[in-house]
Amino acid sequence: MMLPGFPDAAPVSGLIGGVLIGLAAAIMLLGAGRIAGVSGIAARAFGLTDSSLPRAGAWAFVIGLPLGALVVTSQTAAPAPAFAGTVPLIIAGLIVGAGTRLGSGCTSGHGVCGMSRLSQRSLVATATFMITGFATVAVMNALGIEVLP
Amino acid sequence: MIRETLVPLISGTIFGAGLTIGGMTDPARVRGFLDLFGDWDPTLAFVMGGAVLVMALAWTVQRRMQRPAFADAFSLPGRNDLTHRLVGGSALFGIGWGIAGLCPGPGFAALAIAPGSAAVFVAAMLAGMLAVRMIEPRG
């Protein structure tokens, strides 16, 4: 299905993916009683934050992420997406790692789990990282900086 | 052990599948969404909308539960204070997200799609987390 005015958009697979993400976060909430916030869980798995979440559980969640991706890619013949080069990946990774720790969360914890709960902190965090995300791409485009091949 | 790991494993696996189907593991798709003032791709709004909708339902169920299905108690963030740290950290995160088109979940999921690139991103991300940890031991 195509979205009028946006020939490249994939609204149906986007919605299906989103519902699955919501389902995954719901399982974590109702099953384990916890927020499915990837940055926090990853920090916990690697011993980079103090949390009551058992480390084995944090590792199980983190390992599940590529496992789920593998399940999907093994079923489809879509070409592999392009990624940024090593230098931009390192710069971006450092900033994302520091930013998500300082900001206590990322797209999953604040954007999905917190916003759906109308958490004031998550609403502010999500608005903030969306704005700086928009601004970053706009500035990079204006300067002609291309990171993807 | 199984009780502690099975729920997160199932959740993480469905999460990774959802990220991949939704296009979050494709940096061009993500950066297309962030290119609001250029050639905007609204796909990620559908991802976010679908996820938030399902989770909003889950929160209404959660309010009626005494305890989680497979744990002794809910362990949820209860803070409501807006701090410079929250805003500054989130602002930084958005910049990093915009540069490479990857956030933490898709970074890990992409280990199964483009292992080399994803490993570089994940290693740098963990280094960034470690840096905060070293500056603030209890962060």
# chains A, B, ... in the order shown; residues from 1 in each chain; ligands from 1
$ residues_around --residues "region 46-63 of chain B" --least-positions-apart "3" --cutoff "10 Å" --atoms "only C-alpha atoms" --output "number ranges by chain"
A: 9-27, 29-31, 33, 107-108, 111-118; B: 18-19, 21-24, 42-43, 66-68, 74
$ atom_distance --atom1 "CA of Ala98 (chain A)" --atom2 "CA of Val122 (chain B)"
12.2 Å
$ residues_around --residues "Ile95 (chain B)" --least-positions-apart "2" --cutoff "12 Å" --atoms "only C-alpha atoms" --output "ChimeraX atom specification"
/A:88,91-100,128-140 /B:31,34,88-93,97-103
$ write_last_selection --atoms "N, CA and C atoms" --output "JSON list (two decimals), in the first residue's frame"
[["chain", "number", "residue", "atom", "x", "y", "z"],
["A", 88, "PRO", "N", 31.79, 8.01, 11.01],
["A", 88, "PRO", "CA", 30.50, 8.49, 11.50],
["A", 88, "PRO", "C", 29.82, 7.51, 12.46],
["A", 91, "ILE", "N", 31.47, 8.15, 15.88],
["A", 91, "ILE", "CA", 31.03, 9.43, 16.44],
["A", 91, "ILE", "C", 29.59, 9.31, 16.93],
["A", 92, "ALA", "N", 28.72, 8.76, 16.06],
["A", 92, "ALA", "CA", 27.31, 8.62, 16.41],
["A", 92, "ALA", "C", 27.14, 7.70, 17.62],
["A", 93, "GLY", "N", 27.87, 6.59, 17.63],
["A", 93, "GLY", "CA", 27.75, 5.63, 18.74],
["A", 93, "GLY", "C", 28.14, 6.25, 20.06],
["A", 94, "LEU", "N", 29.25, 6.98, 20.08],
["A", 94, "LEU", "CA", 29.70, 7.63, 21.32],
["A", 94, "LEU", "C", 28.63, 8.59, 21.84],
["A", 95, "ILE", "N", 28.09, 9.40, 20.92],
["A", 95, "ILE", "CA", 27.08, 10.40, 21.32],
["A", 95, "ILE", "C", 25.80, 9.72, 21.79],
["A", 96, "VAL", "N", 25.37, 8.67, 21.07],
["A", 96, "VAL", "CA", 24.15, 7.95, 21.45],
["A", 96, "VAL", "C", 24.34, 7.30, 22.82],
["A", 97, "GLY", "N", 25.50, 6.69, 23.04],
["A", 97, "GLY", "CA", 25.75, 6.02, 24.32],
["A", 97, "GLY", "C", 25.73, 7.00, 25.48],
["A", 98, "ALA", "N", 26.47, 8.11, 25.34],
["A", 98, "ALA", "CA", 26.53, 9.10, 26.42],
["A", 98, "ALA", "C", 25.16, 9.77, 26.59],
["A", 99, "GLY", "N", 24.53, 10.12, 25.48],
["A", 99, "GLY", "CA", 23.25, 10.83, 25.54],
["A", 99, "GLY", "C", 22.15, 10.01, 26.18],
["A", 100, "THR", "N", 22.08, 8.71, 25.85],
["A", 100, "THR", "CA", 21.00, 7.89, 26.41],
["A", 100, "THR", "C", 21.20, 7.64, 27.89],
["A", 128, "THR", "N", 12.62, 16.33, 22.68],
["A", 128, "THR", "CA", 13.97, 16.87, 22.56],
["A", 128, "THR", "C", 14.80, 16.08, 21.55],
["A", 129, "PHE", "N", 14.81, 14.74, 21.65],
["A", 129, "PHE", "CA", 15.66, 14.01, 20.70],
["A", 129, "PHE", "C", 15.09, 13.99, 19.29],
["A", 130, "MET", "N", 13.79, 14.19, 19.17],
["A", 130, "MET", "CA", 13.22, 14.32, 17.82],
["A", 130, "MET", "C", 13.70, 15.64, 17.20],
["A", 131, "ILE", "N", 13.62, 16.70, 17.98],
["A", 131, "ILE", "CA", 14.01, 18.03, 17.46],
["A", 131, "ILE", "C", 15.48, 18.04, 17.07],
["A", 132, "THR", "N", 16.36, 17.51, 17.96],
["A", 132, "THR", "CA", 17.79, 17.54, 17.61],
["A", 132, "THR", "C", 18.09, 16.56, 16.48],
["A", 133, "GLY", "N", 17.30, 15.48, 16.38],
["A", 133, "GLY", "CA", 17.47, 14.56, 15.25],
["A", 133, "GLY", "C", 17.11, 15.24, 13.94],
["A", 134, "PHE", "N", 15.96, 15.92, 13.91],
["A", 134, "PHE", "CA", 15.56, 16.68, 12.71],
["A", 134, "PHE", "C", 16.64, 17.70, 12.36],
["A", 135, "ALA", "N", 17.09, 18.43, 13.40],
["A", 135, "ALA", "CA", 18.06, 19.51, 13.17],
["A", 135, "ALA", "C", 19.38, 18.95, 12.65],
["A", 136, "THR", "N", 19.81, 17.82, 13.20],
["A", 136, "THR", "CA", 21.09, 17.24, 12.78],
["A", 136, "THR", "C", 21.07, 16.87, 11.30],
["A", 137, "VAL", "N", 20.00, 16.20, 10.87],
["A", 137, "VAL", "CA", 19.91, 15.80, 9.46],
["A", 137, "VAL", "C", 19.79, 17.05, 8.57],
["A", 138, "ALA", "N", 19.02, 18.04, 9.03],
["A", 138, "ALA", "CA", 18.86, 19.27, 8.24],
["A", 138, "ALA", "C", 20.20, 19.97, 8.07],
["A", 139, "VAL", "N", 20.98, 20.07, 9.16],
["A", 139, "VAL", "CA", 22.28, 20.75, 9.10],
["A", 139, "VAL", "C", 23.25, 19.96, 8.22],
["A", 140, "MET", "N", 23.27, 18.64, 8.40],
["A", 140, "MET", "CA", 24.17, 17.81, 7.59],
["A", 140, "MET", "C", 23.84, 17.94, 6.10],
["B", 31, "ARG", "N", 16.92, 8.04, 8.66],
["B", 31, "ARG", "CA", 17.35, 9.41, 8.33],
["B", 31, "ARG", "C", 16.34, 10.08, 7.41],
["B", 34, "LEU", "N", 13.91, 11.54, 9.68],
["B", 34, "LEU", "CA", 14.45, 12.73, 10.37],
["B", 34, "LEU", "C", 14.67, 13.89, 9.39],
["B", 88, "GLY", "N", 19.48, 17.67, 28.24],
["B", 88, "GLY", "CA", 20.78, 17.69, 27.58],
["B", 88, "GLY", "C", 21.16, 16.32, 27.02],
["B", 89, "GLY", "N", 20.93, 15.29, 27.81],
["B", 89, "GLY", "CA", 21.24, 13.93, 27.36],
["B", 89, "GLY", "C", 20.39, 13.56, 26.16],
["B", 90, "SER", "N", 19.09, 13.87, 26.21],
["B", 90, "SER", "CA", 18.20, 13.55, 25.10],
["B", 90, "SER", "C", 18.58, 14.33, 23.85],
["B", 91, "ALA", "N", 19.00, 15.58, 24.04],
["B", 91, "ALA", "CA", 19.43, 16.41, 22.90],
["B", 91, "ALA", "C", 20.65, 15.76, 22.24],
["B", 92, "LEU", "N", 21.60, 15.31, 23.06],
["B", 92, "LEU", "CA", 22.79, 14.62, 22.54],
["B", 92, "LEU", "C", 22.38, 13.36, 21.77],
["B", 93, "PHE", "N", 21.52, 12.56, 22.39],
["B", 93, "PHE", "CA", 21.09, 11.32, 21.77],
["B", 93, "PHE", "C", 20.50, 11.59, 20.38],
["B", 97, "TRP", "N", 21.65, 10.02, 16.84],
["B", 97, "TRP", "CA", 20.64, 9.29, 16.07],
["B", 97, "TRP", "C", 20.59, 9.83, 14.64],
["B", 98, "GLY", "N", 20.66, 11.16, 14.54],
["B", 98, "GLY", "CA", 20.59, 11.80, 13.22],
["B", 98, "GLY", "C", 21.83, 11.53, 12.37],
["B", 99, "ILE", "N", 22.99, 11.47, 13.02],
["B", 99, "ILE", "CA", 24.24, 11.30, 12.25],
["B", 99, "ILE", "C", 24.25, 9.97, 11.49],
["B", 100, "ALA", "N", 24.01, 8.87, 12.20],
["B", 100, "ALA", "CA", 24.14, 7.56, 11.54],
["B", 100, "ALA", "C", 22.81, 6.87, 11.27],
["B", 101, "GLY", "N", 21.71, 7.44, 11.79],
["B", 101, "GLY", "CA", 20.41, 6.81, 11.57],
["B", 101, "GLY", "C", 20.22, 5.54, 12.39],
["B", 102, "LEU", "N", 20.91, 5.47, 13.53],
["B", 102, "LEU", "CA", 20.78, 4.29, 14.40],
["B", 102, "LEU", "C", 20.55, 4.71, 15.84],
["B", 103, "CYS", "N", 19.60, 4.05, 16.51],
["B", 103, "CYS", "CA", 19.47, 4.21, 17.95],
["B", 103, "CYS", "C", 19.80, 2.85, 18.59]]
$ select_by_dssp --residues "chain B" --states "helix (DSSP H, G or I)" --output "MDAnalysis selection string"
chainID B and resid 2:22 27:34 43:63 84:100 104:112 115:135
$ atom_distance --atom1 "CA of Pro149 (chain A)" --atom2 "CA of Ile63 (chain A)"
28.3 Å
$ atom_distance --atom1 "CA of Pro104 (chain B)" --atom2 "CA of Leu143 (chain A)"
26.1 Å
